[in-house]
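Novice: The file below is query.cif, mmCIF, C-alpha atoms and all ligand atoms:
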```
data_input
loop_
_atom_site.label_atom_id
_atom_site.label_comp_id
_atom_site.auth_asym_id
_atom_site.auth_seq_id
_atom_site.Cartn_x
_atom_site.Cartn_y
_atom_site.Cartn_z
CA MET A 1 0.00 0.00 0.00
CA LEU A 2 1.14 3.52 -0.72
CA LEU A 3 0.04 6.70 1.03
CA ARG A 4 0.97 9.36 -1.47
CA GLU A 5 1.68 12.97 -0.47
CA ALA A 6 1.35 12.65 3.30
CA ARG A 7 2.34 15.49 5.61
CA VAL A 8 3.84 13.79 8.66
CA GLY A 9 2.76 15.38 11.93
CA ALA A 10 3.77 19.00 12.44
CA THR A 11 6.31 19.03 9.59
CA ASN A 12 5.84 20.83 6.30
CA GLU A 13 7.47 18.07 4.34
CA VAL A 14 5.21 16.02 2.07
CA VAL A 15 6.30 12.41 1.54
CA ASP A 16 5.13 9.03 0.31
CA VAL A 17 4.66 6.31 2.92
CA ARG A 18 4.93 2.70 1.77
CA ILE A 19 3.24 0.06 3.94
CA GLU A 20 3.77 -3.70 3.92
CA ASP A 21 2.66 -6.44 6.30
CA GLY A 22 1.17 -4.03 8.81
CA ARG A 23 4.33 -1.94 9.10
CA ILE A 24 5.73 1.17 7.49
CA ARG A 25 8.32 -0.09 5.04
CA SER A 26 9.72 3.25 3.84
CA ILE A 27 9.16 6.98 3.84
CA ASP A 28 10.28 8.46 0.55
CA PRO A 29 10.38 11.78 -1.24
CA ARG A 30 7.34 12.17 -3.48
CA GLU A 31 9.09 11.62 -6.78
CA VAL A 32 10.42 8.13 -5.86
CA ASN A 33 7.09 6.30 -6.17
CA LYS A 34 5.95 7.26 -9.65
CA VAL A 35 4.63 3.76 -10.19
CA ALA A 36 2.99 2.10 -7.20
CA SER A 37 1.97 -1.49 -6.69
CA GLY A 38 -1.01 -2.28 -4.47
CA PRO A 39 -3.67 0.16 -3.29
CA THR A 40 -2.72 3.83 -3.36
CA PHE A 41 -4.29 6.62 -1.34
CA ASP A 42 -3.61 10.14 -2.58
CA LEU A 43 -3.59 12.21 0.59
CA GLY A 44 -2.96 15.51 -1.18
CA GLY A 45 -0.76 16.90 1.58
CA ARG A 46 -3.11 15.97 4.42
CA VAL A 47 -1.67 15.41 7.90
CA LEU A 48 -0.61 11.87 8.79
CA LEU A 49 -0.22 10.89 12.46
CA PRO A 50 0.24 7.66 14.37
CA ALA A 51 -3.26 6.52 15.33
CA PHE A 52 -4.63 7.93 18.57
CA VAL A 53 -4.26 5.92 21.75
CA ASN A 54 -6.76 6.72 24.49
CA PRO A 55 -5.02 5.66 27.72
CA HIS A 56 -7.86 6.36 30.15
CA CYS A 57 -11.60 5.94 29.79
CA HIS A 58 -14.59 4.16 31.35
CA LEU A 59 -16.38 2.20 28.66
CA ASP A 60 -18.54 0.24 31.14
CA LYS A 61 -20.20 3.46 32.34
CA ALA A 62 -20.43 5.12 28.92
CA PHE A 63 -23.72 6.80 27.99
CA LEU A 64 -25.67 6.05 31.14
CA PRO A 65 -29.00 7.53 30.14
CA TRP A 66 -30.12 8.80 33.52
CA THR A 67 -27.23 11.25 33.72
CA SER A 68 -28.46 13.33 30.81
CA THR A 69 -31.48 14.69 32.60
CA ASP A 70 -30.28 14.90 36.17
CA ASP A 71 -28.83 17.86 37.99
CA VAL A 72 -25.87 15.99 39.38
CA THR A 73 -24.41 16.91 42.73
CA TYR A 74 -20.98 15.78 43.84
CA GLU A 75 -21.43 16.53 47.51
CA GLY A 76 -21.86 14.08 50.35
CA GLY A 77 -21.27 10.99 48.24
CA VAL A 78 -24.60 11.50 46.44
CA LEU A 79 -23.14 10.76 43.03
CA ALA A 80 -21.18 7.75 44.30
CA GLY A 81 -24.36 6.36 45.87
CA ARG A 82 -26.40 6.80 42.70
CA MET A 83 -23.65 5.34 40.56
CA LYS A 84 -23.67 2.32 42.85
CA GLU A 85 -27.42 1.95 42.35
CA ALA A 86 -27.07 2.24 38.58
CA LYS A 87 -24.32 -0.39 38.52
CA ARG A 88 -26.55 -2.95 40.21
CA GLU A 89 -28.70 -2.89 37.07
CA PHE A 90 -25.83 -3.48 34.63
CA THR A 91 -25.99 -6.60 32.49
CA VAL A 92 -23.32 -7.93 30.16
CA GLU A 93 -25.53 -7.09 27.16
CA ASP A 94 -26.21 -3.58 28.40
CA VAL A 95 -22.51 -2.84 29.00
CA ARG A 96 -21.63 -4.31 25.61
CA ALA A 97 -24.19 -2.09 23.87
CA ARG A 98 -23.06 1.13 25.52
CA ALA A 99 -19.32 0.34 25.29
CA SER A 100 -19.72 -0.65 21.62
CA LYS A 101 -21.21 2.73 20.80
CA ALA A 102 -18.24 4.48 22.43
CA LEU A 103 -15.77 2.15 20.73
CA ARG A 104 -17.26 2.77 17.31
CA TRP A 105 -16.97 6.53 17.85
CA ALA A 106 -13.37 6.02 18.95
CA ILE A 107 -12.38 3.94 15.94
CA GLU A 108 -14.09 6.27 13.48
CA THR A 109 -12.14 9.20 14.92
CA GLY A 110 -8.80 7.45 14.56
CA THR A 111 -8.25 5.69 17.88
CA THR A 112 -6.95 2.15 17.41
CA ALA A 113 -5.84 1.39 20.98
CA ILE A 114 -7.67 2.19 24.19
CA ARG A 115 -7.32 1.48 27.91
CA THR A 116 -10.56 1.28 29.85
CA HIS A 117 -11.07 1.06 33.57
CA VAL A 118 -13.87 -1.36 34.42
CA ASP A 119 -15.63 -1.24 37.79
CA VAL A 120 -15.12 -4.30 39.98
CA ASP A 121 -17.02 -4.31 43.27
CA PRO A 122 -19.84 -6.17 45.01
CA SER A 123 -22.55 -4.01 43.37
CA VAL A 124 -21.55 -4.79 39.77
CA GLY A 125 -19.45 -7.91 40.30
CA LEU A 126 -17.59 -8.91 37.16
CA VAL A 127 -20.35 -7.96 34.69
CA GLY A 128 -18.32 -5.11 33.15
CA VAL A 129 -15.14 -7.19 33.01
CA ARG A 130 -16.95 -9.99 31.16
CA ALA A 131 -18.45 -7.56 28.66
CA LEU A 132 -15.17 -5.75 27.96
CA LEU A 133 -13.11 -8.93 27.66
CA GLU A 134 -15.61 -10.19 25.10
CA LEU A 135 -15.40 -6.96 23.11
CA LYS A 136 -11.60 -7.03 23.35
CA ARG A 137 -11.56 -10.37 21.55
CA GLU A 138 -14.28 -9.56 19.03
CA LEU A 139 -12.93 -6.17 17.97
CA ALA A 140 -9.20 -6.99 17.96
CA SER A 141 -8.99 -6.42 14.19
CA VAL A 142 -9.95 -2.74 14.53
CA ILE A 143 -8.96 -1.67 18.05
CA GLU A 144 -6.65 -2.94 20.77
CA ILE A 145 -8.45 -2.80 24.12
CA GLN A 146 -6.63 -2.91 27.46
CA THR A 147 -8.76 -3.50 30.53
CA VAL A 148 -8.10 -2.22 34.05
CA ALA A 149 -9.84 -3.80 37.04
CA PHE A 150 -11.12 -0.74 38.90
CA PRO A 151 -12.28 -1.08 42.53
CA GLN A 152 -14.11 2.23 42.66
CA GLU A 153 -15.79 1.45 45.98
CA GLY A 154 -12.49 0.75 47.79
CA MET A 155 -10.57 -2.37 48.84
CA VAL A 156 -9.35 -1.92 52.42
CA GLY A 157 -11.27 -4.24 54.73
CA GLN A 158 -13.32 -5.52 51.78
CA PRO A 159 -12.17 -9.08 51.14
CA GLU A 160 -15.08 -9.60 48.74
CA THR A 161 -13.79 -6.85 46.43
CA ILE A 162 -10.21 -8.11 46.64
CA ALA A 163 -11.44 -11.58 45.70
CA LEU A 164 -13.27 -10.08 42.71
CA MET A 165 -10.08 -8.22 41.71
CA GLU A 166 -8.20 -11.51 41.85
CA GLU A 167 -10.85 -13.17 39.74
CA ALA A 168 -10.72 -10.30 37.22
CA CYS A 169 -6.94 -10.76 36.93
CA ALA A 170 -7.39 -14.50 36.49
CA MET A 171 -9.96 -13.81 33.75
CA GLY A 172 -7.37 -11.76 31.87
CA VAL A 173 -7.63 -8.05 32.68
CA ASP A 174 -4.40 -6.34 31.71
CA VAL A 175 -3.91 -3.86 34.53
CA VAL A 176 -4.59 -3.48 38.27
CA GLY A 177 -6.46 -0.25 38.96
CA GLY A 178 -7.44 1.55 42.12
CA LYS A 179 -8.69 4.72 43.71
CA PRO A 180 -6.96 5.28 47.07
CA SER A 181 -9.40 8.04 48.06
CA ALA A 182 -12.19 5.44 48.15
CA ASP A 183 -10.65 4.19 51.40
CA GLU A 184 -9.83 6.01 54.59
CA ASP A 185 -6.41 4.35 54.67
CA ARG A 186 -5.20 5.41 51.25
CA ARG A 187 -1.74 3.93 51.68
CA ALA A 188 -3.23 0.53 52.51
CA HIS A 189 -5.27 0.73 49.28
CA ILE A 190 -2.07 1.35 47.30
CA ASP A 191 -0.36 -1.54 49.12
CA ILE A 192 -3.18 -3.91 48.10
CA ALA A 193 -2.89 -2.76 44.47
CA PHE A 194 0.85 -3.46 44.48
CA ASP A 195 0.30 -6.86 46.04
CA LEU A 196 -2.28 -7.80 43.37
CA ALA A 197 -0.02 -6.49 40.58
CA ARG A 198 2.94 -8.46 41.90
CA ARG A 199 1.00 -11.70 42.29
CA PHE A 200 -0.61 -11.46 38.84
CA ASP A 201 2.31 -9.75 37.08
CA ARG A 202 0.28 -6.76 35.95
CA ALA A 203 0.86 -3.05 35.33
CA ILE A 204 -0.69 -0.58 37.79
CA ASP A 205 -2.86 2.42 36.91
CA LEU A 206 -4.44 4.31 39.81
CA HIS A 207 -6.87 7.23 39.99
CA VAL A 208 -4.92 9.46 42.36
CA ASP A 209 -5.08 12.85 44.04
CA THR A 210 -8.40 14.11 42.76
CA ASP A 211 -8.91 15.88 46.10
CA ILE A 212 -7.76 19.49 45.63
CA ASP A 213 -9.12 20.76 48.93
CA ARG A 214 -6.48 19.39 51.28
CA ASP A 215 -3.69 21.50 52.77
CA TYR A 216 -0.80 19.55 51.34
CA GLY A 217 1.79 21.73 53.07
CA ALA A 218 0.54 20.69 56.52
CA ASN A 219 2.24 17.32 56.57
CA VAL A 220 5.66 17.39 54.93
CA GLU A 221 7.83 14.27 54.96
CA ARG A 222 11.56 14.25 54.34
CA PHE A 223 12.88 11.47 52.10
CA GLU A 224 16.56 11.29 51.21
CA GLY A 225 17.02 14.94 52.15
CA VAL A 226 14.10 16.29 50.11
CA ASP A 227 10.69 17.51 51.33
CA TYR A 228 7.53 15.91 49.98
CA PRO A 229 3.79 16.30 50.69
CA ALA A 230 3.14 13.16 52.75
CA ASP A 231 -0.63 13.30 52.16
CA LEU A 232 -0.26 13.21 48.39
CA GLU A 233 -1.26 9.75 47.19
CA THR A 234 1.23 10.00 44.36
CA TYR A 235 4.07 10.54 46.83
CA TYR A 236 3.38 7.16 48.43
CA LEU A 237 2.78 5.59 45.02
CA ALA A 238 6.21 6.81 43.86
CA ARG A 239 7.88 5.59 47.06
CA ARG A 240 6.31 2.14 46.66
CA THR A 241 7.35 2.04 43.01
CA LEU A 242 10.96 2.80 43.95
CA GLN A 243 10.88 0.34 46.83
CA THR A 244 9.29 -2.57 44.99
CA ARG A 245 11.00 -1.95 41.62
CA HIS A 246 7.72 -3.10 40.11
CA PRO A 247 8.71 -4.55 36.74
CA ARG A 248 5.50 -3.49 34.97
CA GLY A 249 4.44 0.08 34.28
CA VAL A 250 3.07 2.20 37.11
CA CYS A 251 0.78 5.03 36.16
CA ALA A 252 -0.84 7.92 38.03
CA SER A 253 -4.07 9.06 36.43
CA HIS A 254 -5.48 12.54 37.20
CA LEU A 255 -2.96 13.82 39.79
CA CYS A 256 -5.07 16.99 40.12
CA ALA A 257 -3.51 17.93 43.46
CA LEU A 258 -0.09 18.49 41.91
CA ASP A 259 -1.56 21.85 40.95
CA ALA A 260 -2.60 22.47 44.56
CA LEU A 261 0.95 22.19 45.94
CA ASP A 262 3.29 25.07 46.69
CA PRO A 263 5.67 25.29 43.72
CA PRO A 264 8.77 23.97 45.59
CA LEU A 265 6.90 20.89 46.80
CA GLY A 266 5.48 20.48 43.31
CA ALA A 267 8.96 20.62 41.78
CA ASN A 268 10.18 18.01 44.27
CA MET A 269 7.29 15.74 43.32
CA VAL A 270 8.03 16.09 39.60
CA GLY A 271 11.62 15.04 40.32
CA LEU A 272 10.43 12.03 42.32
CA LEU A 273 7.98 10.95 39.62
CA ARG A 274 10.75 11.11 37.05
CA ARG A 275 13.09 9.11 39.27
CA ALA A 276 10.47 6.46 40.00
CA GLY A 277 9.61 6.19 36.29
CA LEU A 278 5.92 6.84 36.90
CA SER A 279 3.76 7.92 33.97
CA VAL A 280 1.01 10.48 34.32
CA ILE A 281 -2.29 10.56 32.47
CA ALA A 282 -4.06 13.90 32.62
CA CYS A 283 -7.81 14.01 32.08
CA PRO A 284 -8.44 17.72 31.45
CA MET A 285 -11.99 17.53 30.14
CA SER A 286 -13.50 15.61 33.04
CA ASN A 287 -11.49 17.62 35.56
CA LEU A 288 -12.89 20.83 34.07
CA PHE A 289 -16.36 19.30 34.38
CA ILE A 290 -16.07 18.38 38.06
CA GLN A 291 -13.18 19.97 39.93
CA GLY A 292 -13.82 23.30 41.61
CA LEU A 293 -17.59 22.88 41.27
CA GLY A 294 -18.08 24.17 44.80
CA ASP A 295 -15.84 27.21 44.39
CA ALA A 296 -17.74 30.46 44.95
CA ARG A 297 -15.13 32.46 43.02
CA ASP A 298 -11.82 32.01 41.19
CA THR A 299 -12.93 28.51 40.26
CA ARG A 300 -10.06 26.05 40.19
CA ARG A 301 -9.46 23.87 37.17
CA GLY A 302 -8.09 20.81 38.98
CA ILE A 303 -5.88 19.79 36.07
CA THR A 304 -2.44 18.42 36.81
CA ARG A 305 0.56 20.61 35.96
CA VAL A 306 1.15 19.20 32.51
CA ARG A 307 3.82 21.67 31.39
CA ASP A 308 5.90 21.17 34.56
CA LEU A 309 5.66 17.40 34.18
CA LEU A 310 6.75 17.57 30.54
CA ARG A 311 9.62 19.93 31.34
CA GLY A 312 10.66 17.63 34.18
CA GLY A 313 10.88 14.66 31.82
CA VAL A 314 7.85 12.78 33.15
CA THR A 315 6.00 10.69 30.55
CA THR A 316 2.68 12.52 30.31
CA ALA A 317 -0.33 11.77 28.13
CA TYR A 318 -3.95 12.84 28.03
CA GLY A 319 -7.01 10.61 28.15
CA THR A 320 -10.72 11.16 27.70
CA ASP A 321 -11.84 9.74 31.04
CA ASN A 322 -15.63 9.45 31.36
CA LEU A 323 -17.85 9.23 28.31
CA GLY A 324 -21.31 10.64 28.71
CA ASP A 325 -21.89 9.68 32.32
CA ALA A 326 -22.34 11.79 35.42
CA PHE A 327 -18.59 12.36 35.77
CA ASN A 328 -18.56 14.01 32.34
CA LEU A 329 -21.86 14.50 30.62
CA TYR A 330 -20.16 15.73 27.43
CA GLY A 331 -17.49 13.03 27.33
CA THR A 332 -16.50 12.04 23.84
CA THR A 333 -14.01 9.58 22.44
CA ASP A 334 -12.61 12.08 19.91
CA MET A 335 -8.93 12.45 20.82
CA VAL A 336 -8.54 15.50 18.56
CA LEU A 337 -11.16 17.37 20.55
CA HIS A 338 -9.48 16.27 23.79
CA GLY A 339 -6.15 17.44 22.36
CA LEU A 340 -7.65 20.86 21.76
CA VAL A 341 -9.08 20.97 25.29
CA THR A 342 -5.71 19.86 26.69
CA ALA A 343 -3.94 22.60 24.73
CA PHE A 344 -6.34 25.22 26.10
CA ALA A 345 -6.58 23.95 29.65
CA CYS A 346 -2.86 23.35 30.11
CA HIS A 347 -1.67 26.60 28.54
CA MET A 348 0.08 24.89 25.65
CA ARG A 349 0.71 28.13 23.80
CA THR A 350 3.61 27.75 21.40
CA VAL A 351 3.98 26.26 17.95
CA ASP A 352 6.24 23.60 19.43
CA ASP A 353 3.55 22.76 21.98
CA LEU A 354 1.30 21.75 19.11
CA ALA A 355 3.54 18.81 18.25
CA VAL A 356 3.74 17.91 21.96
CA VAL A 357 -0.06 17.81 22.23
CA ALA A 358 -0.15 15.43 19.25
CA GLU A 359 2.43 13.19 20.94
CA MET A 360 0.41 13.23 24.19
CA GLY A 361 -2.50 11.62 22.32
CA THR A 362 -0.52 9.19 20.16
CA THR A 363 3.05 8.01 20.77
CA THR A 364 3.21 8.83 24.50
CA PRO A 365 0.07 6.91 25.55
CA ALA A 366 1.21 4.07 23.26
CA ALA A 367 4.41 3.87 25.31
CA ILE A 368 2.38 3.88 28.55
CA LEU A 369 0.28 0.99 27.25
CA GLY A 370 3.45 -0.86 26.24
CA LEU A 371 2.69 -0.70 22.49
CA ASP A 372 5.99 -0.84 20.61
CA ASP A 373 6.89 1.00 17.41
CA TRP A 374 3.92 3.37 17.51
CA ALA A 375 5.40 6.01 15.22
CA VAL A 376 5.46 7.26 11.65
CA ARG A 377 8.88 5.92 10.73
CA PRO A 378 10.26 2.94 8.85
CA GLY A 379 9.45 -0.15 10.92
CA GLY A 380 6.64 1.64 12.75
CA ARG A 381 3.23 0.00 13.10
CA ALA A 382 0.84 1.01 10.36
CA ASP A 383 -1.79 2.11 12.85
CA LEU A 384 -2.28 5.55 11.37
CA VAL A 385 -4.78 8.37 11.04
CA VAL A 386 -5.08 11.03 8.36
CA LEU A 387 -6.62 14.36 9.33
CA ASP A 388 -8.57 16.24 6.68
CA ALA A 389 -6.28 19.25 7.03
CA ASP A 390 -3.07 20.50 5.48
CA SER A 391 -1.49 21.46 8.80
CA LEU A 392 -1.56 20.06 12.32
CA HIS A 393 -2.68 23.48 13.56
CA GLU A 394 -5.73 23.42 11.31
CA GLY A 395 -6.45 19.80 12.18
CA LEU A 396 -6.48 20.54 15.89
CA THR A 397 -8.20 23.92 15.94
CA ARG A 398 -10.99 22.92 13.55
CA VAL A 399 -11.32 19.38 14.96
CA VAL A 400 -11.46 18.26 11.35
CA PRO A 401 -12.95 14.98 10.11
CA ARG A 402 -10.68 11.97 9.83
CA HIS A 403 -9.88 11.29 6.17
CA LEU A 404 -8.51 7.77 6.67
CA VAL A 405 -7.87 5.38 9.55
CA LEU A 406 -5.52 2.40 9.24
CA LYS A 407 -5.31 -0.48 11.70
CA GLY A 408 -2.37 -2.84 11.12
CA GLY A 409 -1.91 -1.49 7.60
CA ARG A 410 -5.58 -1.99 6.60
CA PRO A 411 -8.07 0.81 6.09
CA VAL A 412 -10.91 0.76 8.59
CA VAL A 413 -14.08 1.20 6.55
CA SER A 414 -17.72 1.65 7.53
CA ALA A 415 -18.89 -1.62 5.97
CA GLN A 416 -16.39 -3.54 8.11
CA LEU A 417 -17.51 -1.70 11.24
CA ASP A 418 -21.19 -2.27 10.40
CA GLU A 419 -20.49 -5.97 10.18
CA LEU A 420 -18.40 -6.17 13.34
CA PHE A 421 -20.72 -4.10 15.48
CA ALA A 422 -23.81 -5.93 14.28
CA VAL A 423 -22.28 -8.98 15.96
CA THR A 424 -20.99 -7.24 19.09
CA THR A 425 -24.11 -5.20 19.76
CA PRO A 426 -27.24 -7.25 20.02
CA GLU A 427 -30.33 -5.41 21.15
CA PRO A 428 -29.82 -4.69 24.86
CA ASP A 429 -32.39 -6.14 27.25
CA ARG A 430 -32.43 -2.81 29.12
CA ARG A 431 -31.07 0.67 28.63
CA GLY A 432 -30.21 1.77 32.12
CA SER A 433 -32.61 2.93 34.72
ZN ZN A 501 -11.16 7.74 35.32
#
```
Please render this file's structure as structure tokens.
Specialist:
Amino acid sequence: MLLREARVGATNEVVDVRIEDGRIRSIDPREVNKVASGPTFDLGGRVLLPAFVNPHCHLDKAFLPWTSTDDVTYEGGVLAGRMKEAKREFTVEDVRARASKALRWAIETGTTAIRTHVDVDPSVGLVGVRALLELKRELASVIEIQTVAFPQEGMVGQPETIALMEEACAMGVDVVGGKPSADEDRRAHIDIAFDLARRFDRAIDLHVDTDIDRDYGANVERFEGVDYPADLETYYLARRTLQTRHPRGVCASHLCALDALDPPLGANMVGLLRRAGLSVIACPMSNLFIQGLGDARDTRRGITRVRDLLRGGVTTAYGTDNLGDAFNLYGTTDMVLHGLVTAFACHMRTVDDLAVVAEMGTTTPAAILGLDDWAVRPGGRADLVVLDADSLHEGLTRVVPRHLVLKGGRPVVSAQLDELFAVTTPEPDRRGS
């Protein structure tokens, strides 16, 4: 296959990209490929990027219908309680139907790999895990799905949930998740996650430090001569990562409170994250939706300090987080739109930042998910997306349509998706409550 006249990323150079056996074979000047064998796509100078990789979302909760009409409150655990009620009604068919809708949107907008957290707790059991593992197998030709077992209701003192987490790992989930703030003893929650990840040889990806109201300067701990905010969940997560030398990836999703620290403590934390090799996944859109909701003035954004993390050499990507549920009513799977929101929300202001934003939605999350060779270069995987724009700037600012999506060197076309999703999405027996 030949992609003729492709503009690679933020460059102005227009080249021909030759693809064979699911990989990029060569990238040549235009005039080299006057005669092409195999299918040829004339891109006419449109922007070619590695396909998008969404490293953080919640497919099991996608498009919960009751959220669209409710005035959601986040105070006093009201939302958590209602989410728990809603989860009791989940069925495998219902989760499959809603997740399939989100996955189809994702694929059509150029995402060919995605990591989804899936709730695991006594109210929902393993219903979401079953549904997502089925979809993972059935849709492998068009999207690579990684699943994270997510104990949203906590784990400390809940042997039933820990047993479900173990069962989820045994069933084949890829990653151990967690949310330390769901338990009073947040460090114990992190310890349980590490123990599960060690026993099942899994990566770790935790929802951390979404609480921006704490006084993080009140409890400073000295470690190897440097001050750190002891109450920050990520501080303990980094310490445990250093201590255990966990051989799989360790990831901190959200990390909103990094922005609530005094700058010196924040700088110390960035240094520790870099040293521990932790990755960070920012979720700007859902943080803008929820964080600071109770602020009477000067409303906080609650988005982690992306520019400081990038400058400090910490692997940092963005993810969509929630998709049309109460945590983000407007959640969408379109990684271009999320790139634009990230650029705005994180003060990515320069021309160079533009290329960084593109990396944060493509090559960087691919590295976090352990996907090798995710790049437009010879030998790179031919998971690619073409934006209907002649510059990256235009592609991002206009959130342009996707001209072409390739998965493993094959174009993803509507007829193929119609066929696949007709199988994966039988009529649900209920549509939420
Ligand atoms: Zn999340």
Novice: Let me make sure I understand: among A:Gly312, A:Gly22, A:Gly110, A:Pro284, which one has the smallest atom-to-atom distance to Thr333 (chain A) if we use only C-alpha atoms?
Specialist: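 Of the candidates, the smallest distance to Thr333 (chain A) is held by A:Gly110.
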Novice: If I take CA of Ala99 (chain A) and CA of Val124 (chain A), how far is one from the other in Å, to one decimal?
Specialist: 15.5 Å
Novice: With distances taken over all atoms listed in the file, which residue among A:Leu64, A:Leu2, A:Ala355, A:Met285 lies nearest ligand ZN 501 (chain A)?
Specialist: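 Looking only at the distances to ligand ZN 501 (chain A), the closest residue turns out to be A:Met285.
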Novice: Give me the chain A side of the contact with ligand ZN 501 (chain A), cut-off 12 Å, one line per residue showing its nearest atom pair and distance in Å at one decimal, counting all atoms listed in the file, sorted by chain and residue number, as JSON lines.
Specialist:
```
{"residue": "A:Asn54", "atom": "CA", "partner": "A:ZN501", "partner_atom": "ZN", "distance": 11.7}
{"residue": "A:Pro55", "atom": "CA", "partner": "A:ZN501", "partner_atom": "ZN", "distance": 10.0}
{"residue": "A:His56", "atom": "CA", "partner": "A:ZN501", "partner_atom": "ZN", "distance": 6.3}
{"residue": "A:Cys57", "atom": "CA", "partner": "A:ZN501", "partner_atom": "ZN", "distance": 5.8}
{"residue": "A:His58", "atom": "CA", "partner": "A:ZN501", "partner_atom": "ZN", "distance": 6.4}
{"residue": "A:Leu59", "atom": "CA", "partner": "A:ZN501", "partner_atom": "ZN", "distance": 10.1}
{"residue": "A:Asp60", "atom": "CA", "partner": "A:ZN501", "partner_atom": "ZN", "distance": 11.3}
{"residue": "A:Lys61", "atom": "CA", "partner": "A:ZN501", "partner_atom": "ZN", "distance": 10.4}
{"residue": "A:Ala62", "atom": "CA", "partner": "A:ZN501", "partner_atom": "ZN", "distance": 11.6}
{"residue": "A:Arg115", "atom": "CA", "partner": "A:ZN501", "partner_atom": "ZN", "distance": 10.4}
{"residue": "A:Thr116", "atom": "CA", "partner": "A:ZN501", "partner_atom": "ZN", "distance": 8.5}
{"residue": "A:His117", "atom": "CA", "partner": "A:ZN501", "partner_atom": "ZN", "distance": 6.9}
{"residue": "A:Val118", "atom": "CA", "partner": "A:ZN501", "partner_atom": "ZN", "distance": 9.5}
{"residue": "A:Asp119", "atom": "CA", "partner": "A:ZN501", "partner_atom": "ZN", "distance": 10.3}
{"residue": "A:Val148", "atom": "CA", "partner": "A:ZN501", "partner_atom": "ZN", "distance": 10.5}
{"residue": "A:Ala149", "atom": "CA", "partner": "A:ZN501", "partner_atom": "ZN", "distance": 11.7}
{"residue": "A:Phe150", "atom": "CA", "partner": "A:ZN501", "partner_atom": "ZN", "distance": 9.2}
{"residue": "A:Pro151", "atom": "CA", "partner": "A:ZN501", "partner_atom": "ZN", "distance": 11.4}
{"residue": "A:Gln152", "atom": "CA", "partner": "A:ZN501", "partner_atom": "ZN", "distance": 9.6}
{"residue": "A:Gly177", "atom": "CA", "partner": "A:ZN501", "partner_atom": "ZN", "distance": 10.0}
{"residue": "A:Gly178", "atom": "CA", "partner": "A:ZN501", "partner_atom": "ZN", "distance": 9.9}
{"residue": "A:Lys179", "atom": "CA", "partner": "A:ZN501", "partner_atom": "ZN", "distance": 9.3}
{"residue": "A:Asp205", "atom": "CA", "partner": "A:ZN501", "partner_atom": "ZN", "distance": 10.0}
{"residue": "A:Leu206", "atom": "CA", "partner": "A:ZN501", "partner_atom": "ZN", "distance": 8.8}
{"residue": "A:His207", "atom": "CA", "partner": "A:ZN501", "partner_atom": "ZN", "distance": 6.4}
{"residue": "A:Val208", "atom": "CA", "partner": "A:ZN501", "partner_atom": "ZN", "distance": 9.6}
{"residue": "A:Asp209", "atom": "CA", "partner": "A:ZN501", "partner_atom": "ZN", "distance": 11.8}
{"residue": "A:Thr210", "atom": "CA", "partner": "A:ZN501", "partner_atom": "ZN", "distance": 10.2}
{"residue": "A:Ala252", "atom": "CA", "partner": "A:ZN501", "partner_atom": "ZN", "distance": 10.7}
{"residue": "A:Ser253", "atom": "CA", "partner": "A:ZN501", "partner_atom": "ZN", "distance": 7.3}
{"residue": "A:His254", "atom": "CA", "partner": "A:ZN501", "partner_atom": "ZN", "distance": 7.7}
{"residue": "A:Leu255", "atom": "CA", "partner": "A:ZN501", "partner_atom": "ZN", "distance": 11.1}
{"residue": "A:Ile281", "atom": "CA", "partner": "A:ZN501", "partner_atom": "ZN", "distance": 9.7}
{"residue": "A:Ala282", "atom": "CA", "partner": "A:ZN501", "partner_atom": "ZN", "distance": 9.8}
{"residue": "A:Cys283", "atom": "CA", "partner": "A:ZN501", "partner_atom": "ZN", "distance": 7.8}
{"residue": "A:Pro284", "atom": "CA", "partner": "A:ZN501", "partner_atom": "ZN", "distance": 11.0}
{"residue": "A:Met285", "atom": "CA", "partner": "A:ZN501", "partner_atom": "ZN", "distance": 11.1}
{"residue": "A:Ser286", "atom": "CA", "partner": "A:ZN501", "partner_atom": "ZN", "distance": 8.5}
{"residue": "A:Asn287", "atom": "CA", "partner": "A:ZN501", "partner_atom": "ZN", "distance": 9.9}
{"residue": "A:Tyr318", "atom": "CA", "partner": "A:ZN501", "partner_atom": "ZN", "distance": 11.5}
{"residue": "A:Gly319", "atom": "CA", "partner": "A:ZN501", "partner_atom": "ZN", "distance": 8.8}
{"residue": "A:Thr320", "atom": "CA", "partner": "A:ZN501", "partner_atom": "ZN", "distance": 8.4}
{"residue": "A:Asp321", "atom": "CA", "partner": "A:ZN501", "partner_atom": "ZN", "distance": 4.8}
{"residue": "A:Asn322", "atom": "CA", "partner": "A:ZN501", "partner_atom": "ZN", "distance": 6.2}
{"residue": "A:Leu323", "atom": "CA", "partner": "A:ZN501", "partner_atom": "ZN", "distance": 9.8}
{"residue": "A:Asp325", "atom": "CA", "partner": "A:ZN501", "partner_atom": "ZN", "distance": 11.3}
{"residue": "A:Ala326", "atom": "CA", "partner": "A:ZN501", "partner_atom": "ZN", "distance": 11.9}
{"residue": "A:Phe327", "atom": "CA", "partner": "A:ZN501", "partner_atom": "ZN", "distance": 8.8}
{"residue": "A:Asn328", "atom": "CA", "partner": "A:ZN501", "partner_atom": "ZN", "distance": 10.1}
{"residue": "A:Gly331", "atom": "CA", "partner": "A:ZN501", "partner_atom": "ZN", "distance": 11.5}
```
Novice: Here is a test: counting all atoms listed in the file, which residue of A:Arg25, A:Arg222, A:Arg130, A:Arg98 is nearest to Phe421 (chain A)?
Specialist: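 The answer is A:Arg98, which sits nearest to Phe421 (chain A).
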Novice: Just the residues within 7 Å of Asp227 (chain A), please, counting all atoms listed in the file, with nothing from its chain fewer than 6 positions along; format it as a list of chain:residue names.
Specialist: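 Near Asp227 (chain A), the qualifying residues are A:Val220, A:Glu221, A:Leu265.
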